[in-house]
$ cat my_file-v2.txt   # compact mmCIF, C-alpha atoms and all ligand atoms
# COMPACT_ATOMS: atom_id res chain seq x y z
CA MET A 1 88.86 133.54 109.23
CA GLY A 2 85.93 135.26 110.84
CA TYR A 3 84.66 135.77 114.34
CA LEU A 4 82.08 132.95 114.32
CA THR A 5 84.54 130.43 112.90
CA ASP A 6 87.09 131.31 115.56
CA ALA A 7 84.51 131.06 118.34
CA HIS A 8 83.43 127.55 117.31
CA ILE A 9 86.97 126.33 116.88
CA LYS A 10 87.85 127.68 120.31
CA LEU A 11 85.06 125.61 121.90
CA ASN A 12 86.38 122.51 120.16
CA GLU A 13 89.92 123.19 121.28
CA GLU A 14 88.94 123.86 124.84
CA TYR A 15 86.35 121.17 125.55
CA GLY A 16 86.81 118.44 122.96
CA ALA A 17 89.34 115.64 122.82
CA HIS A 18 92.04 116.52 120.33
CA ASN A 19 91.81 113.29 118.35
CA TYR A 20 91.28 115.17 115.07
CA LYS A 21 92.86 118.22 113.51
CA PRO A 22 90.17 119.50 111.11
CA LEU A 23 90.66 122.20 108.50
CA PRO A 24 89.64 125.57 109.99
CA VAL A 25 86.14 125.69 108.50
CA VAL A 26 82.91 125.40 110.51
CA LEU A 27 79.98 124.07 108.50
CA GLU A 28 76.37 124.71 109.34
CA ARG A 29 74.36 123.56 106.32
CA GLY A 30 74.59 121.12 103.43
CA GLU A 31 72.62 120.28 100.32
CA GLY A 32 73.66 117.94 97.54
CA VAL A 33 77.36 118.48 96.82
CA TRP A 34 77.34 121.89 98.55
CA VAL A 35 77.98 123.00 102.13
CA TRP A 36 77.92 126.42 103.78
CA ASP A 37 79.95 127.65 106.73
CA VAL A 38 78.89 129.80 109.67
CA GLU A 39 80.11 132.91 107.84
CA GLY A 40 77.78 132.16 104.92
CA ARG A 41 80.53 130.99 102.55
CA LYS A 42 79.71 128.22 100.07
CA TYR A 43 81.94 125.22 99.34
CA ILE A 44 81.84 122.10 97.23
CA ASP A 45 82.29 118.94 99.31
CA MET A 46 85.03 116.87 97.71
CA LEU A 47 85.44 114.49 100.65
CA SER A 48 81.89 113.27 101.27
CA SER A 49 82.78 112.26 104.83
CA TYR A 50 85.22 109.67 103.48
CA SER A 51 82.47 108.22 101.22
CA ALA A 52 79.67 108.22 103.79
CA LEU A 53 77.94 110.94 101.76
CA ASN A 54 77.76 109.14 98.40
CA HIS A 55 74.19 110.42 98.02
CA GLY A 56 75.18 113.99 98.82
CA HIS A 57 73.96 116.00 101.77
CA ARG A 58 70.34 115.50 102.84
CA HIS A 59 69.09 113.58 99.84
CA PRO A 60 65.30 114.20 99.78
CA LYS A 61 64.35 110.52 99.54
CA ILE A 62 66.61 109.58 102.42
CA MET A 63 65.38 112.51 104.53
CA LYS A 64 61.81 111.43 103.86
CA ALA A 65 62.56 107.89 105.04
CA LEU A 66 64.27 109.30 108.13
CA PHE A 67 61.39 111.63 109.06
CA GLU A 68 58.66 109.08 108.38
CA GLN A 69 60.38 106.40 110.41
CA ALA A 70 61.22 108.85 113.22
CA GLN A 71 57.52 109.50 113.62
CA ARG A 72 56.67 105.79 113.94
CA LEU A 73 59.37 103.80 115.76
CA THR A 74 63.08 104.36 116.29
CA LEU A 75 64.45 101.59 118.46
CA THR A 76 63.30 98.22 119.73
CA SER A 77 66.59 96.44 120.46
CA ARG A 78 66.86 92.94 119.03
CA ALA A 79 64.91 91.55 121.99
CA PHE A 80 61.81 92.17 119.84
CA HIS A 81 61.17 92.12 116.12
CA ASN A 82 60.33 95.30 114.26
CA ASP A 83 58.59 95.79 110.93
CA VAL A 84 61.59 97.30 109.09
CA LEU A 85 64.47 94.91 109.75
CA GLY A 86 63.14 92.01 107.68
CA ARG A 87 62.65 94.30 104.70
CA PHE A 88 66.20 95.59 105.17
CA PHE A 89 67.61 92.04 105.16
CA LYS A 90 65.68 91.24 101.98
CA LYS A 91 66.95 94.45 100.36
CA MET A 92 70.55 93.58 101.23
CA HIS A 93 70.08 90.11 99.77
CA ASP A 94 68.55 91.49 96.58
CA VAL A 95 71.26 94.09 95.98
CA THR A 96 74.28 91.96 96.91
CA GLY A 97 73.25 88.37 96.24
CA TYR A 98 74.46 87.21 99.66
CA ASP A 99 72.18 84.95 101.70
CA LYS A 100 72.43 86.64 105.07
CA THR A 101 73.13 89.98 106.72
CA LEU A 102 74.37 90.79 110.22
CA PRO A 103 73.70 94.47 111.03
CA MET A 104 75.93 96.69 113.17
CA ASN A 105 76.49 100.46 113.33
CA THR A 106 80.01 101.65 112.58
CA GLY A 107 82.53 100.29 110.14
CA ALA A 108 84.97 99.14 112.81
CA GLU A 109 82.21 97.13 114.49
CA ALA A 110 81.39 95.39 111.24
CA VAL A 111 85.06 94.53 110.70
CA GLU A 112 85.24 93.09 114.23
CA THR A 113 82.06 91.14 113.46
CA ALA A 114 83.53 89.68 110.27
CA LEU A 115 86.67 88.63 112.15
CA LYS A 116 84.55 86.92 114.83
CA ILE A 117 82.46 85.06 112.25
CA ALA A 118 85.60 84.01 110.39
CA ARG A 119 87.31 82.71 113.50
CA LYS A 120 84.26 80.73 114.59
CA TRP A 121 83.92 79.30 111.09
CA GLY A 122 87.60 78.37 111.19
CA TYR A 123 87.23 76.41 114.43
CA TYR A 124 83.78 74.88 113.95
CA LYS A 125 83.69 74.27 110.20
CA LYS A 126 87.22 74.21 108.87
CA GLY A 127 88.66 72.39 111.87
CA VAL A 128 91.54 74.68 112.78
CA PRO A 129 92.61 73.95 116.41
CA LYS A 130 90.71 76.32 118.67
CA ASN A 131 92.35 79.68 119.44
CA GLU A 132 95.17 79.01 117.01
CA GLY A 133 93.67 80.48 113.85
CA GLU A 134 95.50 83.04 111.74
CA ILE A 135 94.05 85.83 109.65
CA ILE A 136 96.13 87.40 106.90
CA VAL A 137 95.84 91.17 106.53
CA MET A 138 97.56 93.76 104.33
CA GLU A 139 100.28 96.29 104.94
CA ASN A 140 99.04 99.88 104.84
CA ASN A 141 95.48 98.76 105.64
CA PHE A 142 92.76 100.78 107.29
CA HIS A 143 89.90 98.91 108.94
CA GLY A 144 89.02 101.13 111.91
CA ARG A 145 90.20 101.98 115.38
CA THR A 146 89.37 99.23 117.87
CA ILE A 147 92.18 97.56 119.78
CA THR A 148 92.07 94.40 117.68
CA ILE A 149 91.99 96.35 114.43
CA ILE A 150 94.86 98.68 115.32
CA THR A 151 96.80 95.58 116.33
CA PHE A 152 97.31 94.82 112.64
CA SER A 153 97.62 98.39 111.42
CA THR A 154 101.04 99.24 110.01
CA THR A 155 100.64 102.95 110.73
CA GLU A 156 102.75 103.37 113.84
CA GLN A 157 100.71 106.23 115.28
CA TYR A 158 97.53 104.14 115.24
CA ARG A 159 99.22 101.49 117.44
CA ASP A 160 101.62 103.41 119.61
CA GLY A 161 100.57 103.47 123.25
CA PHE A 162 97.61 101.11 122.81
CA GLY A 163 99.13 97.67 123.49
CA PRO A 164 99.01 94.88 124.49
CA TYR A 165 97.77 93.73 121.10
CA THR A 166 95.51 90.94 119.86
CA PRO A 167 97.31 87.82 118.57
CA GLY A 168 96.34 85.89 115.45
CA PHE A 169 97.12 88.26 112.57
CA LYS A 170 99.79 88.12 109.87
CA VAL A 171 100.57 91.22 107.85
CA VAL A 172 101.68 90.84 104.22
CA LYS A 173 102.51 93.23 101.38
CA TYR A 174 99.43 94.63 99.62
CA GLY A 175 99.05 93.85 95.94
CA ASP A 176 101.47 90.93 96.03
CA ILE A 177 99.80 87.54 95.67
CA LYS A 178 103.08 85.69 96.33
CA ALA A 179 103.30 87.32 99.75
CA VAL A 180 99.84 85.96 100.61
CA GLU A 181 100.74 82.51 99.27
CA GLU A 182 103.84 82.40 101.45
CA ALA A 183 101.93 83.45 104.57
CA VAL A 184 99.33 80.68 104.30
CA THR A 185 99.59 77.82 106.80
CA ASP A 186 97.19 75.07 107.84
CA ARG A 187 95.95 77.48 110.53
CA THR A 188 94.96 80.21 108.10
CA ILE A 189 91.27 81.02 108.41
CA ALA A 190 90.82 84.16 106.36
CA VAL A 191 92.35 86.91 104.26
CA LEU A 192 91.07 90.44 104.92
CA ALA A 193 91.67 93.21 102.37
CA GLU A 194 90.36 96.46 100.92
CA PRO A 195 89.86 96.15 97.12
CA ILE A 196 91.38 99.65 96.89
CA GLN A 197 93.15 101.01 99.96
CA GLY A 198 91.42 104.25 100.95
CA GLU A 199 93.03 105.78 104.02
CA GLY A 200 96.28 104.15 102.93
CA GLY A 201 96.47 106.69 100.09
CA ILE A 202 94.07 105.52 97.34
CA ILE A 203 96.24 102.55 96.46
CA VAL A 204 94.86 100.55 93.51
CA PRO A 205 96.35 97.04 93.48
CA PRO A 206 97.74 95.57 90.23
CA GLU A 207 95.07 94.32 87.85
CA GLY A 208 94.22 90.69 88.50
CA TYR A 209 95.14 90.84 92.19
CA LEU A 210 91.59 90.52 93.51
CA LYS A 211 90.93 87.62 91.18
CA GLU A 212 94.14 85.95 92.30
CA LEU A 213 93.16 86.41 95.95
CA ARG A 214 89.85 84.75 95.12
CA ARG A 215 91.54 81.83 93.36
CA LEU A 216 94.10 81.26 96.12
CA THR A 217 91.66 81.44 99.02
CA LYS A 218 89.19 79.13 97.29
CA GLU A 219 91.96 76.62 96.59
CA LYS A 220 93.09 76.59 100.23
CA ASN A 221 89.64 76.71 101.84
CA ILE A 222 90.33 80.13 103.32
CA LEU A 223 87.65 82.80 103.66
CA LEU A 224 88.11 85.89 101.54
CA ILE A 225 86.83 89.02 103.30
CA PHE A 226 86.62 92.34 101.48
CA ASP A 227 86.23 95.51 103.50
CA GLU A 228 84.18 97.63 101.10
CA ILE A 229 83.18 100.17 103.71
CA GLN A 230 84.74 102.86 101.55
CA THR A 231 84.87 101.27 98.07
CA GLY A 232 81.36 99.80 98.17
CA LEU A 233 77.99 101.24 97.16
CA GLY A 234 79.01 102.86 93.90
CA ARG A 235 82.16 104.76 94.86
CA THR A 236 84.50 103.09 92.32
CA GLY A 237 82.05 103.12 89.42
CA LYS A 238 80.50 99.73 90.16
CA MET A 239 78.11 98.89 92.96
CA PHE A 240 80.99 96.96 94.61
CA ALA A 241 84.69 97.19 93.81
CA PHE A 242 85.04 93.39 93.71
CA GLU A 243 82.90 93.41 90.54
CA TRP A 244 85.82 94.97 88.66
CA GLU A 245 87.47 91.56 88.73
CA ASP A 246 84.52 89.33 89.30
CA ALA A 247 86.10 88.40 92.64
CA ARG A 248 83.10 87.90 94.91
CA PRO A 249 84.39 87.44 98.48
CA ASP A 250 82.97 84.99 101.02
CA MET A 251 82.27 87.91 103.32
CA LEU A 252 81.54 91.48 102.37
CA ILE A 253 81.70 94.37 104.85
CA LEU A 254 79.74 97.56 104.17
CA GLY A 255 79.25 100.77 106.15
CA LYS A 256 79.65 104.49 105.53
CA ALA A 257 77.28 105.25 102.57
CA LEU A 258 74.89 102.52 103.72
CA GLY A 259 73.69 105.07 106.27
CA GLY A 260 72.79 107.55 103.51
CA GLY A 261 74.90 110.24 105.15
CA VAL A 262 72.59 110.54 108.13
CA TYR A 263 72.86 107.52 110.36
CA PRO A 264 75.58 104.95 111.10
CA VAL A 265 74.64 101.58 109.57
CA SER A 266 77.09 98.78 108.80
CA VAL A 267 76.72 95.13 107.83
CA VAL A 268 78.52 91.88 107.27
CA LEU A 269 77.13 89.83 104.40
CA THR A 270 77.86 86.18 103.79
CA SER A 271 76.44 82.77 102.87
CA ASN A 272 74.04 80.66 104.92
CA GLU A 273 76.81 78.14 105.49
CA ILE A 274 79.16 80.69 107.05
CA MET A 275 76.63 82.87 108.92
CA ASP A 276 75.24 79.65 110.39
CA VAL A 277 78.10 79.56 112.95
CA ILE A 278 76.58 82.57 114.72
CA LYS A 279 73.99 81.46 117.28
CA PRO A 280 71.65 83.54 119.47
CA GLY A 281 73.78 85.29 122.09
CA ASP A 282 77.08 84.92 120.20
CA HIS A 283 77.18 88.52 119.05
CA GLY A 284 75.04 91.64 118.97
CA SER A 285 74.54 95.36 119.31
CA THR A 286 71.84 97.41 121.05
CA PHE A 287 71.42 99.79 118.13
CA GLY A 288 72.41 97.36 115.37
CA GLY A 289 69.51 96.84 112.95
CA ASN A 290 67.30 99.47 114.56
CA PRO A 291 64.25 100.62 112.58
CA LEU A 292 65.45 104.21 112.09
CA GLY A 293 68.83 103.18 110.69
CA THR A 294 67.51 100.38 108.53
CA ALA A 295 64.70 102.56 107.09
CA VAL A 296 67.42 105.04 106.09
CA ALA A 297 69.60 102.25 104.66
CA ILE A 298 66.75 100.87 102.53
CA ALA A 299 66.22 104.35 101.08
CA ALA A 300 69.97 104.76 100.57
CA ILE A 301 70.14 101.55 98.53
CA ASP A 302 67.02 102.49 96.54
CA VAL A 303 68.49 105.87 95.64
CA LEU A 304 71.78 104.33 94.49
CA ILE A 305 69.89 102.06 92.10
CA GLU A 306 67.15 104.46 90.94
CA GLU A 307 69.63 107.24 90.20
CA ASN A 308 72.20 104.90 88.73
CA LEU A 309 74.89 106.38 90.95
CA PRO A 310 77.58 103.76 90.28
CA GLN A 311 77.36 104.59 86.55
CA ASN A 312 77.49 108.32 87.28
CA ALA A 313 80.56 107.72 89.46
CA LEU A 314 82.19 105.89 86.56
CA GLU A 315 81.49 108.63 84.02
CA MET A 316 82.15 111.61 86.27
CA GLY A 317 85.22 109.88 87.69
CA ARG A 318 86.71 109.50 84.22
CA TYR A 319 85.94 113.12 83.40
CA PHE A 320 87.32 114.42 86.68
CA MET A 321 90.46 112.32 86.54
CA ASP A 322 91.16 113.43 82.97
CA GLN A 323 90.92 117.05 84.08
CA LEU A 324 93.19 116.46 87.06
CA LYS A 325 95.78 114.77 84.87
CA LYS A 326 95.93 117.90 82.70
CA ILE A 327 97.16 119.97 85.63
CA ASN A 328 100.74 120.84 84.87
CA SER A 329 102.27 121.47 88.26
CA PRO A 330 105.62 120.62 89.81
CA VAL A 331 103.86 119.53 93.03
CA THR A 332 101.77 116.74 91.47
CA LYS A 333 103.34 113.39 90.64
CA GLU A 334 100.48 111.05 89.81
CA VAL A 335 96.69 110.95 89.56
CA ARG A 336 95.16 107.55 90.33
CA GLY A 337 91.96 105.88 91.42
CA LYS A 338 88.73 104.36 90.17
CA GLY A 339 85.39 106.01 89.69
CA LEU A 340 85.10 108.90 92.12
CA MET A 341 87.77 107.56 94.48
CA ILE A 342 90.70 109.66 93.34
CA GLY A 343 94.13 110.35 94.81
CA VAL A 344 96.73 112.85 93.66
CA GLN A 345 100.27 112.08 94.76
CA THR A 346 101.96 115.34 95.72
CA THR A 347 105.51 116.45 96.42
CA ILE A 348 104.48 118.90 99.14
CA PRO A 349 102.26 118.06 102.15
CA ALA A 350 98.75 117.66 100.74
CA LYS A 351 97.35 119.47 103.75
CA GLU A 352 98.89 122.74 102.49
CA ILE A 353 96.98 122.30 99.25
CA CYS A 354 93.76 121.51 101.13
CA LEU A 355 94.09 124.73 103.13
CA LYS A 356 94.50 126.78 99.94
CA MET A 357 91.62 125.01 98.18
CA LYS A 358 89.40 125.74 101.15
CA ASP A 359 89.98 129.46 100.67
CA TYR A 360 88.68 129.09 97.10
CA GLY A 361 85.62 127.07 98.10
CA VAL A 362 86.78 123.48 97.54
CA LEU A 363 86.77 121.19 100.56
CA ALA A 364 89.03 118.18 100.13
CA TYR A 365 91.28 116.28 102.47
CA TYR A 366 94.37 114.15 102.41
CA ALA A 367 94.88 110.40 102.74
CA HIS A 368 98.41 110.11 104.08
CA ASP A 369 100.61 113.19 104.05
CA TYR A 370 101.37 113.32 100.34
CA VAL A 371 98.11 112.14 98.82
CA LEU A 372 95.40 114.64 98.05
CA ARG A 373 92.05 112.87 98.00
CA PHE A 374 89.06 113.76 95.86
CA ALA A 375 85.88 111.84 96.63
CA PRO A 376 82.82 114.01 95.88
CA PRO A 377 79.27 112.74 96.33
CA LEU A 378 78.29 110.35 93.52
CA ILE A 379 75.42 112.62 92.49
CA ILE A 380 77.91 115.20 91.23
CA LYS A 381 77.29 116.73 87.77
CA LYS A 382 79.73 117.79 85.09
CA GLU A 383 79.09 121.51 85.75
CA GLU A 384 79.90 121.00 89.41
CA ILE A 385 83.18 119.29 88.57
CA ASP A 386 83.95 122.20 86.23
CA TRP A 387 83.19 124.66 89.04
CA ALA A 388 85.63 122.79 91.29
CA MET A 389 88.30 122.31 88.59
CA GLU A 390 88.44 126.02 87.88
CA ARG A 391 89.36 126.61 91.51
CA ILE A 392 91.64 123.60 91.84
CA GLU A 393 93.62 124.81 88.81
CA LYS A 394 93.94 128.26 90.33
CA VAL A 395 95.39 126.77 93.50
CA PHE A 396 97.93 124.69 91.59
CA ASN A 397 98.93 127.66 89.46
CA GLU A 398 99.65 129.64 92.59
CA LEU A 399 101.67 126.95 94.31
C1 LIG A 401 86.13 104.22 107.39
C2 LIG A 401 86.59 102.82 107.24
C3 LIG A 401 86.46 101.90 108.29
C4 LIG A 401 85.98 102.28 109.66
O1 LIG A 401 84.67 102.75 109.69
P1 LIG A 401 84.17 103.58 110.98
O2 LIG A 401 82.71 103.77 110.71
O3 LIG A 401 84.94 104.84 111.02
O4 LIG A 401 84.43 102.71 112.15
C5 LIG A 401 86.85 100.60 108.03
N1 LIG A 401 87.33 100.21 106.84
C6 LIG A 401 87.47 101.07 105.82
C7 LIG A 401 87.99 100.58 104.51
C8 LIG A 401 87.12 102.41 105.98
O5 LIG A 401 87.29 103.27 104.97
$ encode --input "my_file-v2.txt" --output "structure tokens"
Amino acid sequence: MGYLTDAHIKLNEEYGAHNYKPLPVVLERGEGVWVWDVEGRKYIDMLSSYSALNHGHRHPKIMKALFEQAQRLTLTSRAFHNDVLGRFFKKMHDVTGYDKTLPMNTGAEAVETALKIARKWGYYKKGVPKNEGEIIVMENNFHGRTITIITFSTTEQYRDGFGPYTPGFKVVKYGDIKAVEEAVTDRTIAVLAEPIQGEGGIIVPPEGYLKELRRLTKEKNILLIFDEIQTGLGRTGKMFAFEWEDARPDMLILGKALGGGVYPVSVVLTSNEIMDVIKPGDHGSTFGGNPLGTAVAIAAIDVLIEENLPQNALEMGRYFMDQLKKINSPVTKEVRGKGLMIGVQTTIPAKEICLKMKDYGVLAYYAHDYVLRFAPPLIIKKEEIDWAMERIEKVFNEL
């Protein structure tokens, strides 16, 4: 693999917690869809940090916003106002149509925030008896790694050894509106779902499911919360995945690409009526809404719109998926997804394929053991997909 690669990996093994098992490649530089390792080898990035790099590596406009803001003001805490945050809130309103934004940092924090807002709304506005509210969540979900969130994970490894767990969640089958209907009681406050399950293996629910969720929750006065941390901001070929079915949720959670690939920024968006339950002191974060992160996020949103990245994701996604479907290999079973959120169901562990692709200069990763995931930056061009396809085909021919 090379002396430098080995040396870096050894440091990781020896001094870092072993909570990840990365592919044996050590990156030192990135630009656009490309990255280079410490041995000088070039790769195409087909993971985009799980969709946090929708704009590609070091987008010039985002870097400019980062540098300019870094030279002025980076952090104030929310004890004082700063001259970026208000503009960020307005930007989020303009691009999403929601009244209000609550800023956090990581995705998991934003999910926790949405759950807190929902519960408080349930007790103070809907009238559910206090501390008895229920939130319906989906089998095979991924919403992050906090104790409350792993409580309702159905991936055993995510839960094992981390109890006791948080009460108040009901898990139902994903993609099955009847299952949700049957789980609803007079204590139900909210339904939380991903419009397409990402870490769960790029699972696209049956058409009409999101719309049905919207209809059912509206009918029963239950909040619909979509976690679009991965599907949002252009990934599926629309700015937000809920637009595919015109199923605007009561609360929308964003993260990952909102930070433009450089800084963790996440948000919960909702109406005045719902956000109104949160009062000064109820919730917060030292770094949440800081000027450096929000300056980056404003630029990230501007770039998505100016460069029409959702549309590019739609067109390039179609092209890429068509090419992938043409692969005639005994180890592929299905190609699925939307936009540039693509999964290939495999009959052999997808990690083996990832390791081979890496040797040819294509960096991808798996979502569950038998799902190969392709999620390149949304700025990707046809020639770059062709470059990758040539190599992907070679790998499949050799398998
Ligand atoms: C990545 C992800 C999260 C968690 O975000 P972190 O920033 O890793 O905490 C939550 N929900 C979905 C759908 C995700 O893809």
$ residues_around --input "my_file-v2.txt" --residues "segment 257-263 of chain A" --least-positions-apart "6" --cutoff "10 Å" --atoms "only C-alpha atoms" --output "PDB file with C-alpha atoms, keeping the file's coordinate frame"
ATOM      1  CA  SER A  48      81.890 113.270 101.270  1.00  0.00           C
ATOM      2  CA  SER A  49      82.780 112.260 104.830  1.00  0.00           C
ATOM      3  CA  TYR A  50      85.220 109.670 103.480  1.00  0.00           C
ATOM      4  CA  SER A  51      82.470 108.220 101.220  1.00  0.00           C
ATOM      5  CA  ALA A  52      79.670 108.220 103.790  1.00  0.00           C
ATOM      6  CA  LEU A  53      77.940 110.940 101.760  1.00  0.00           C
ATOM      7  CA  ASN A  54      77.760 109.140  98.400  1.00  0.00           C
ATOM      8  CA  HIS A  55      74.190 110.420  98.020  1.00  0.00           C
ATOM      9  CA  GLY A  56      75.180 113.990  98.820  1.00  0.00           C
ATOM     10  CA  HIS A  57      73.960 116.000 101.770  1.00  0.00           C
ATOM     11  CA  ARG A  58      70.340 115.500 102.840  1.00  0.00           C
ATOM     12  CA  HIS A  59      69.090 113.580  99.840  1.00  0.00           C
ATOM     13  CA  LYS A  61      64.350 110.520  99.540  1.00  0.00           C
ATOM     14  CA  ILE A  62      66.610 109.580 102.420  1.00  0.00           C
ATOM     15  CA  MET A  63      65.380 112.510 104.530  1.00  0.00           C
ATOM     16  CA  LEU A  66      64.270 109.300 108.130  1.00  0.00           C
ATOM     17  CA  ASN A 105      76.490 100.460 113.330  1.00  0.00           C
ATOM     18  CA  THR A 106      80.010 101.650 112.580  1.00  0.00           C
ATOM     19  CA  ILE A 229      83.180 100.170 103.710  1.00  0.00           C
ATOM     20  CA  GLN A 230      84.740 102.860 101.550  1.00  0.00           C
ATOM     21  CA  THR A 231      84.870 101.270  98.070  1.00  0.00           C
ATOM     22  CA  GLY A 232      81.360  99.800  98.170  1.00  0.00           C
ATOM     23  CA  LEU A 233      77.990 101.240  97.160  1.00  0.00           C
ATOM     24  CA  GLY A 234      79.010 102.860  93.900  1.00  0.00           C
ATOM     25  CA  ARG A 235      82.160 104.760  94.860  1.00  0.00           C
ATOM     26  CA  LEU A 292      65.450 104.210 112.090  1.00  0.00           C
ATOM     27  CA  GLY A 293      68.830 103.180 110.690  1.00  0.00           C
ATOM     28  CA  THR A 294      67.510 100.380 108.530  1.00  0.00           C
ATOM     29  CA  ALA A 295      64.700 102.560 107.090  1.00  0.00           C
ATOM     30  CA  VAL A 296      67.420 105.040 106.090  1.00  0.00           C
ATOM     31  CA  ALA A 297      69.600 102.250 104.660  1.00  0.00           C
ATOM     32  CA  ILE A 298      66.750 100.870 102.530  1.00  0.00           C
ATOM     33  CA  ALA A 299      66.220 104.350 101.080  1.00  0.00           C
ATOM     34  CA  ALA A 300      69.970 104.760 100.570  1.00  0.00           C
ATOM     35  CA  ILE A 301      70.140 101.550  98.530  1.00  0.00           C
ATOM     36  CA  VAL A 303      68.490 105.870  95.640  1.00  0.00           C
ATOM     37  CA  LEU A 304      71.780 104.330  94.490  1.00  0.00           C
ATOM     38  CA  PRO A 377      79.270 112.740  96.330  1.00  0.00           C
TER      39      PRO A 377
END
$ residues_near_ligand --input "my_file-v2.txt" --ligand "ligand LIG 401 (chain A)" --cutoff "9 Å" --atoms "only C-alpha atoms and all ligand atoms" --output "ChimeraX atom specification"
/A:50-52,105-111,141-146,193-199,226-231,253-256,264-266
$ write_last_selection --input "my_file-v2.txt" --atoms "C-alpha atoms" --output "short mmCIF file (atom, residue, chain, number, x, y, z; two decimals), in the frame of the given file"
data_model
loop_
_atom_site.label_atom_id
_atom_site.label_comp_id
_atom_site.auth_asym_id
_atom_site.auth_seq_id
_atom_site.Cartn_x
_atom_site.Cartn_y
_atom_site.Cartn_z
CA TYR A 50 85.22 109.67 103.48
CA SER A 51 82.47 108.22 101.22
CA ALA A 52 79.67 108.22 103.79
CA ASN A 105 76.49 100.46 113.33
CA THR A 106 80.01 101.65 112.58
CA GLY A 107 82.53 100.29 110.14
CA ALA A 108 84.97 99.14 112.81
CA GLU A 109 82.21 97.13 114.49
CA ALA A 110 81.39 95.39 111.24
CA VAL A 111 85.06 94.53 110.70
CA ASN A 141 95.48 98.76 105.64
CA PHE A 142 92.76 100.78 107.29
CA HIS A 143 89.90 98.91 108.94
CA GLY A 144 89.02 101.13 111.91
CA ARG A 145 90.20 101.98 115.38
CA THR A 146 89.37 99.23 117.87
CA ALA A 193 91.67 93.21 102.37
CA GLU A 194 90.36 96.46 100.92
CA PRO A 195 89.86 96.15 97.12
CA ILE A 196 91.38 99.65 96.89
CA GLN A 197 93.15 101.01 99.96
CA GLY A 198 91.42 104.25 100.95
CA GLU A 199 93.03 105.78 104.02
CA PHE A 226 86.62 92.34 101.48
CA ASP A 227 86.23 95.51 103.50
CA GLU A 228 84.18 97.63 101.10
CA ILE A 229 83.18 100.17 103.71
CA GLN A 230 84.74 102.86 101.55
CA THR A 231 84.87 101.27 98.07
CA ILE A 253 81.70 94.37 104.85
CA LEU A 254 79.74 97.56 104.17
CA GLY A 255 79.25 100.77 106.15
CA LYS A 256 79.65 104.49 105.53
CA PRO A 264 75.58 104.95 111.10
CA VAL A 265 74.64 101.58 109.57
CA SER A 266 77.09 98.78 108.80
#
$ residues_around --input "my_file-v2.txt" --residues "Ile117 of chain A" --least-positions-apart "3" --cutoff "9 Å" --atoms "all atoms listed in the file" --output "list in words"
Glu112, Thr113, Ala114, Lys120, Trp121, Gly122, Ile274, Met275, Val277 and Ile278 of chain A
$ residues_around --input "my_file-v2.txt" --residues "segment 359-362 of chain A" --least-positions-apart "5" --cutoff "10 Å" --atoms "all atoms listed in the file" --output "list in words"
Met1, Val25, Trp34, Val35, Trp36, Arg41, Lys42, Tyr43, Ile44, Asp45, Met46, Leu47, Cys354, Trp387, Ala388, Met389, Glu390, Arg391, Ile392, Lys394 and Val395 of chain A
$ closest_residue --input "my_file-v2.txt" --among "A:Ile305, A:Ile327, A:Met357, A:Met239" --to "Gly339 of chain A" --atoms "only C-alpha atoms"
A:Met239
$ closest_residue --input "my_file-v2.txt" --among "A:Ile177, A:Leu324, A:Arg72, A:Leu27" --to "Leu363 of chain A" --atoms "only C-alpha atoms"
A:Leu27
$ atom_distance --input "my_file-v2.txt" --atom1 "atom CA of Tyr209 of chain A" --atom2 "atom CA of His368 of chain A"
22.9 Å
$ closest_residue --input "my_file-v2.txt" --among "A:Asp246, A:Glu273, A:Glu68, A:Glu352" --to "Phe396 of chain A" --atoms "all atoms listed in the file"
A:Glu352
$ residues_around --input "my_file-v2.txt" --residues "Ile353 of chain A" --least-positions-apart "5" --cutoff "12 Å" --atoms "all atoms listed in the file" --output "VMD selection string"
chain A and resid 23 331 to 332 344 to 348 358 to 360 362 to 366 369 to 373 391 to 399
$ closest_residue --input "my_file-v2.txt" --among "A:Leu85, A:Val172, A:Met104, A:Val335" --to "Asn140 of chain A" --atoms "all atoms listed in the file"
A:Val172
$ atom_distance --input "my_file-v2.txt" --atom1 "atom CA of Gly133 of chain A" --atom2 "atom CA of Val267 of chain A"
23.2 Å
$ atom_distance --input "my_file-v2.txt" --atom1 "atom CA of Ala367 of chain A" --atom2 "atom CA of Ile202 of chain A"
7.3 Å
